[in-house]
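Visitor: I am sharing input_25.txt, which consists of compact mmCIF, C-alpha atoms:
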# COMPACT_ATOMS: atom_id res chain seq x y z
CA MET A 1 -3.73 -11.43 -14.68
CA SER A 2 -0.06 -10.82 -13.81
CA ASP A 3 1.98 -12.63 -11.15
CA GLY A 4 -1.25 -13.91 -9.57
CA PHE A 5 -2.86 -10.44 -9.41
CA ARG A 6 -5.92 -9.33 -11.32
CA ILE A 7 -5.27 -5.91 -12.91
CA THR A 8 -8.16 -3.51 -13.59
CA GLN A 9 -8.01 0.00 -15.03
CA LEU A 10 -10.26 2.42 -13.14
CA ALA A 11 -11.50 5.95 -13.70
CA ALA A 12 -12.80 6.43 -10.15
CA VAL A 13 -12.46 4.99 -6.63
CA THR A 14 -14.87 5.83 -3.80
CA ALA A 15 -14.75 4.55 -0.24
CA ARG A 16 -17.01 4.96 2.78
CA PHE A 17 -16.44 4.38 6.48
CA VAL A 18 -18.78 1.78 8.02
CA THR A 19 -19.33 -0.06 11.28
CA TYR A 20 -18.50 -3.75 10.94
CA ASP A 21 -18.70 -6.44 13.62
CA TRP A 22 -15.56 -8.49 12.93
CA ALA A 23 -15.41 -11.47 15.30
CA PHE A 24 -11.76 -12.19 14.53
CA PRO A 25 -10.21 -9.86 17.18
CA ARG A 26 -12.39 -11.34 19.95
CA GLU A 27 -11.75 -14.94 18.94
CA ASN A 28 -7.97 -14.51 18.64
CA ALA A 29 -7.14 -11.93 21.33
CA ASP A 30 -4.35 -13.94 23.00
CA ALA A 31 -2.71 -14.93 19.70
CA ILE A 32 -2.88 -11.35 18.46
CA ALA A 33 -1.17 -10.06 21.63
CA ALA A 34 1.59 -12.68 21.43
CA HIS A 35 2.18 -12.01 17.74
CA TRP A 36 2.40 -8.28 18.38
CA GLN A 37 5.04 -8.75 21.07
CA THR A 38 7.10 -10.75 18.59
CA ARG A 39 6.75 -8.02 15.96
CA ILE A 40 7.75 -5.13 18.21
CA ALA A 41 10.73 -7.11 19.51
CA ARG A 42 12.05 -7.02 15.92
CA ALA A 43 10.91 -3.44 15.18
CA PRO A 44 10.45 -1.48 18.43
CA GLY A 45 9.30 1.63 16.55
CA MET A 46 6.03 0.02 15.47
CA PHE A 47 2.83 1.59 16.88
CA ASP A 48 -0.46 -0.21 17.51
CA GLY A 49 -2.73 2.48 16.15
CA THR A 50 -6.07 2.29 14.34
CA VAL A 51 -6.16 1.28 10.68
CA LEU A 52 -8.96 0.75 8.17
CA LEU A 53 -9.61 -2.58 6.46
CA CYS A 54 -12.04 -3.41 3.67
CA CYS A 55 -15.11 -5.55 4.39
CA ASP A 56 -16.85 -5.14 1.04
CA HIS A 57 -15.98 -3.94 -2.43
CA ALA A 58 -17.34 -3.93 -5.96
CA VAL A 59 -15.97 -2.93 -9.35
CA ALA A 60 -18.26 -1.99 -12.24
CA ASP A 61 -18.12 0.30 -15.27
CA GLY A 62 -14.60 1.48 -14.54
CA ALA A 63 -15.30 2.47 -10.94
CA ALA A 64 -14.55 0.82 -7.60
CA ARG A 65 -16.60 1.15 -4.40
CA LEU A 66 -15.24 0.15 -0.98
CA ASP A 67 -16.54 -0.22 2.57
CA LEU A 68 -13.84 0.29 5.19
CA PHE A 69 -13.97 -0.32 8.95
CA ALA A 70 -11.64 0.36 11.86
CA THR A 71 -9.45 -2.17 13.68
CA ARG A 72 -6.13 -2.20 15.53
CA TYR A 73 -2.86 -2.45 13.66
CA ALA A 74 -1.86 -5.43 15.82
CA THR A 75 -5.01 -7.25 14.75
CA PHE A 76 -4.38 -6.44 11.11
CA THR A 77 -0.77 -7.65 11.19
CA TYR A 78 -1.71 -10.95 12.84
CA TYR A 79 -4.47 -11.54 10.32
CA ARG A 80 -2.25 -10.60 7.39
CA ASP A 81 0.69 -12.73 8.55
CA THR A 82 -1.31 -15.88 9.36
CA ARG A 83 -4.26 -16.03 6.96
CA HIS A 84 -2.29 -17.95 4.32
CA ALA A 85 -0.74 -20.33 6.85
CA ASP A 86 -4.05 -21.11 8.58
CA ALA A 87 -7.02 -21.41 6.22
CA ARG A 88 -9.38 -21.52 9.21
CA ILE A 89 -8.97 -17.80 9.82
CA ALA A 90 -9.16 -16.64 6.20
CA ASP A 91 -12.19 -14.46 5.50
CA ALA A 92 -12.79 -13.58 1.86
CA ARG A 93 -14.69 -10.45 2.90
CA ILE A 94 -11.67 -8.86 4.57
CA ALA A 95 -8.96 -7.25 2.46
CA ASN A 96 -6.07 -4.90 2.99
CA ALA A 97 -7.17 -2.00 0.78
CA PHE A 98 -4.75 0.88 0.32
CA ALA A 99 -3.83 3.58 -2.16
CA ALA A 100 -0.44 4.64 -3.50
CA ILE A 101 1.05 7.07 -5.98
CA VAL A 102 3.30 5.43 -8.57
CA PRO A 103 5.91 8.10 -9.39
CA TRP A 104 6.84 8.01 -13.08
CA THR A 105 9.71 10.25 -14.15
CA SER A 106 10.06 12.35 -17.29
CA ASP A 107 12.64 9.87 -18.63
CA GLY A 108 10.37 6.85 -18.30
CA ALA A 109 11.41 5.33 -14.96
CA VAL A 110 9.40 4.35 -11.89
CA LEU A 111 10.61 5.18 -8.38
CA LEU A 112 10.27 2.86 -5.40
CA GLY A 113 11.21 3.55 -1.80
CA GLU A 114 13.45 1.21 0.20
CA MET A 115 11.89 0.75 3.63
CA GLY A 116 14.15 1.86 6.48
CA ALA A 117 15.67 -0.34 9.19
CA ARG A 118 13.17 0.71 11.87
CA THR A 119 10.11 -0.24 9.79
CA ALA A 120 8.20 -3.53 9.79
CA ASN A 121 9.29 -4.28 6.20
CA ALA A 122 12.91 -3.15 6.34
CA GLY A 123 14.74 -3.49 3.04
CA GLN A 124 11.61 -4.10 0.97
CA LEU A 125 10.89 -1.93 -2.07
CA TYR A 126 7.47 -0.26 -2.19
CA PHE A 127 5.60 2.57 -3.80
CA PRO A 128 5.11 5.21 -1.08
CA CYS A 129 1.96 3.97 0.66
CA GLY A 130 0.31 3.02 3.91
CA THR A 131 -2.83 1.39 5.25
CA PRO A 132 -5.63 4.01 5.53
CA ASP A 133 -6.25 5.35 9.02
CA PRO A 134 -8.70 7.70 10.81
CA ASP A 135 -6.94 10.77 9.36
CA ASP A 136 -8.37 9.73 5.98
CA ILE A 137 -12.00 9.75 7.19
CA GLN A 138 -14.02 12.76 6.06
CA GLY A 139 -17.55 12.37 7.41
CA ALA A 140 -18.89 9.15 5.94
CA ARG A 141 -16.22 9.12 3.22
CA VAL A 142 -12.67 7.76 3.23
CA ASP A 143 -10.35 9.85 1.07
CA LEU A 144 -8.06 7.31 -0.60
CA ALA A 145 -6.67 9.86 -3.06
CA GLY A 146 -5.74 12.11 -0.16
CA SER A 147 -4.22 9.15 1.70
CA ALA A 148 -1.97 8.35 -1.27
CA ALA A 149 -0.87 11.97 -1.71
CA ARG A 150 -0.18 12.34 2.03
CA GLU A 151 1.96 9.19 2.16
CA LEU A 152 3.93 10.38 -0.87
CA ALA A 153 4.61 13.75 0.76
CA GLU A 154 5.50 12.29 4.16
CA GLU A 155 7.86 9.65 2.80
CA THR A 156 9.50 11.51 -0.10
CA GLY A 157 8.72 15.22 0.28
CA LEU A 158 7.14 15.24 -3.19
CA ALA A 159 3.87 17.02 -3.96
CA LEU A 160 1.72 15.98 -6.89
CA PRO A 161 2.15 18.01 -10.09
CA ASP A 162 -0.67 20.45 -10.83
CA GLU A 163 -1.84 18.41 -13.82
CA ALA A 164 -1.45 14.98 -12.19
CA GLU A 165 -3.28 12.08 -13.79
CA THR A 166 -6.41 10.91 -11.95
CA ASP A 167 -6.90 7.36 -13.28
CA TRP A 168 -6.20 4.33 -11.10
CA VAL A 169 -4.94 0.77 -11.55
CA LEU A 170 -6.35 -1.88 -9.17
CA LEU A 171 -4.09 -4.82 -8.31
CA GLU A 172 -6.18 -7.51 -6.60
CA GLY A 173 -4.60 -10.61 -5.02
CA GLU A 174 -2.97 -12.06 -1.90
CA GLY A 175 -5.71 -10.55 0.27
CA GLN A 176 -4.87 -7.06 -1.00
CA LEU A 177 -6.65 -4.37 -2.97
CA ALA A 178 -3.83 -2.08 -4.12
CA PHE A 179 -5.23 1.08 -5.72
CA LEU A 180 -2.30 2.56 -7.62
CA ARG A 181 -2.41 6.03 -9.16
CA PRO A 182 0.36 6.41 -11.77
CA VAL A 183 1.54 10.03 -11.91
CA ARG A 184 4.22 11.40 -14.25
CA PHE A 185 6.51 14.02 -12.75
CA PRO A 186 8.18 16.65 -14.98
CA GLU A 187 11.67 15.76 -13.76
CA THR A 188 14.16 13.02 -14.51
CA ALA A 189 14.76 10.07 -12.18
CA ALA A 190 18.15 11.49 -11.16
CA ARG A 191 16.64 14.85 -10.24
CA LEU A 192 13.77 13.34 -8.25
CA VAL A 193 16.07 10.93 -6.41
CA ALA A 194 18.28 13.88 -5.43
CA ARG A 195 15.28 15.87 -4.18
CA ILE A 196 14.06 12.92 -2.13
CA ALA A 197 17.54 12.36 -0.69
CA ASP A 198 17.53 15.98 0.54
CA HIS A 199 14.14 15.37 2.19
CA LEU A 200 15.30 12.15 3.86
CA GLY A 201 18.50 13.79 5.05
CA ALA A 202 16.53 16.50 6.83
CA GLU A 203 14.36 14.04 8.79
CA ALA A 204 15.36 12.69 12.20
CA GLU A 205 13.83 9.25 11.56
CA PRO A 206 13.01 8.88 7.85
CA GLU A 207 10.74 5.98 6.92
CA LEU A 208 12.73 5.31 3.76
CA ALA A 209 16.41 4.40 3.51
CA GLY A 210 16.60 5.59 -0.10
CA MET A 211 15.09 5.23 -3.55
CA HIS A 212 15.23 2.47 -6.17
CA VAL A 213 14.91 3.29 -9.88
CA VAL A 214 13.11 0.85 -12.21
CA ARG A 215 13.56 1.30 -15.96
CA GLY A 216 12.39 -2.09 -17.19
CA ARG A 217 11.66 -5.68 -16.30
CA ASP A 218 15.31 -6.41 -15.59
CA ASP A 219 15.05 -4.12 -12.56
CA ILE A 220 12.22 -6.13 -10.94
CA ASP A 221 13.55 -7.63 -7.71
CA ALA A 222 11.52 -10.72 -6.77
CA ALA A 223 13.16 -10.96 -3.34
CA ARG A 224 12.55 -7.39 -2.22
CA MET A 225 9.38 -6.30 -4.02
CA PRO A 226 5.95 -7.46 -2.80
CA GLY A 227 3.66 -9.20 -5.25
CA PHE A 228 1.51 -6.22 -6.19
CA VAL A 229 4.61 -4.14 -7.02
CA ARG A 230 6.08 -6.88 -9.22
CA ALA A 231 2.73 -7.38 -10.95
CA TYR A 232 2.32 -3.68 -11.72
CA LEU A 233 5.86 -3.32 -13.06
CA ALA A 234 5.62 -6.46 -15.20
CA ASP A 235 2.41 -5.09 -16.73
CA ALA A 236 3.74 -1.53 -17.14
CA PHE A 237 7.02 -2.42 -18.84
CA PRO A 238 6.73 -4.48 -22.03
CA PRO A 239 8.99 -7.51 -22.50
CA ALA A 240 12.30 -6.82 -24.20
CA ARG A 241 12.41 -7.90 -27.84
Is it possible to give me this structure as structure tokens?
Guide:
Amino acid sequence: MSDGFRITQLAAVTARFVTYDWAFPRENADAIAAHWQTRIARAPGMFDGTVLLCCDHAVADGAARLDLFATRYATFTYYRDTRHADARIADARIANAFAAIVPWTSDGAVLLGEMGARTANAGQLYFPCGTPDPDDIQGARVDLAGSAARELAEETGLALPDEAETDWVLLEGEGQLAFLRPVRFPETAARLVARIADHLGAEAEPELAGMHVVRGRDDIDAARMPGFVRAYLADAFPPAR
């Protein structure tokens, strides 16, 4: 347990797409609509598309299994933003499950992206990631590994190395199931940051404002990093002696 998150090493993650009758959107339609108007007033670029949430999961023998269902992004954001403030709406079955690549550099650093001004979490520091969506559905399966690789490429321009590691680390807490795939790149932090800067400079509306380099616990930013990021970094970097 680190920073309130349970950490589990995994060799495999599988997810399937299911139909799930979630009463929450029907019971809170007016509140969801009002909350969404508040959100887009602050970040007009937000889009109320379809996202996938988790309604069931299990971990056994080094493998995780997930059931994911479709809902609107506006519904998800209202649920996420209010579940801790109002215990009446909390549902232990529902979790924000997502996958992300953790870019490790050849000189032992971890790279985080700083969310751009037009995003919902402007200024926050994240691993390149996003909530799964219909593009990740392949038949009855949801491709979380593909989702993580796609988000990495879209946000940073990086492709996974040919011999990329395939193990996962699950961070479970705060209503989240963060499936992190640590991958070591054959380049230094300075070189990767420069490559990503070139990618961001070529985009009309980049999602990231820039990159943040973490080389140890002293670089953990409690104000700008969400809980699962802080928990992973605190576990990955040993305390200074």
Visitor: Can you tell me, as a ChimeraX atom specification, what residues are no more than 10 Å from Gly175 in chain A when counting only C-alpha atoms, ignoring any on the same chain fewer than 2 positions away?
Guide: /A:80,83-84,90-97,172-173,177-178
Visitor: Of the candidates A:Ala209, A:Ala74, A:Val102, A:Ala190, which shows the shortest atom-to-atom distance to Asp48 in chain A, using only C-alpha atoms?
Guide: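 The answer is A:Ala74, which sits nearest to Asp48 in chain A.
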Visitor: Between A:Phe237, A:Arg118, A:Asp162, A:Phe47, which residue has the minimum interatomic distance to Asp219 in chain A, considering only C-alpha atoms?
Guide: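 Under the stated criterion, the closest residue is A:Phe237.
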Visitor: Using only C-alpha atoms, what table do you get, as CSV, when you list each residue of range 159-222 of chain A with an atom no more than 9 Å from range 11-20 of chain A, its nearest pair of atoms, and their distance in Å rounded to one decimal, rows by chain then rising number?
Guide:
residue,atom,partner,partner_atom,distance
A:Thr166,CA,A:Ala11,CA,7.3
A:Asp167,CA,A:Ala11,CA,4.8
A:Trp168,CA,A:Ala11,CA,6.1
A:Val169,CA,A:Ala11,CA,8.6
A:Phe179,CA,A:Val13,CA,8.3
Visitor: With a distance cut-off of 9 Å and all atoms listed in the file, select the neighbouring residues of Tyr79 in chain A, excluding the residue or stretch itself and same-chain residues fewer than 2 positions from it, and output the selection as a list in words.
Guide: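 Those residues are Phe24, Ile32, Ala74, Thr75, Phe76, Thr77, Asp81, Thr82, Arg83, Ile89 and Ala90 of chain A.
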Visitor: Would you put the residues from that selection into a file with C-alpha atoms, as a CSV table (one decimal), in the coordinates of the input?
Guide:
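Written output follows (part_12.csv):
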chain,number,residue,atom,x,y,z
A,24,PHE,CA,-11.8,-12.2,14.5
A,32,ILE,CA,-2.9,-11.4,18.5
A,74,ALA,CA,-1.9,-5.4,15.8
A,75,THR,CA,-5.0,-7.2,14.8
A,76,PHE,CA,-4.4,-6.4,11.1
A,77,THR,CA,-0.8,-7.6,11.2
A,81,ASP,CA,0.7,-12.7,8.6
A,82,THR,CA,-1.3,-15.9,9.4
A,83,ARG,CA,-4.3,-16.0,7.0
A,89,ILE,CA,-9.0,-17.8,9.8
A,90,ALA,CA,-9.2,-16.6,6.2
Visitor: For the atom pair CA of Gly157 in chain A and CA of Trp104 in chain A, what is the interatomic distance in Å to one decimal place?
Guide: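 Straight-line distance from CA of Gly157 in chain A to CA of Trp104 in chain A works out to 15.3 Å.
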Visitor: Using only C-alpha atoms, which residue out of A:Leu144, A:Ala43, A:Ala202, A:Ala234 lies closest to Gly116 in chain A?
Guide: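 Closest candidate: A:Ala43.
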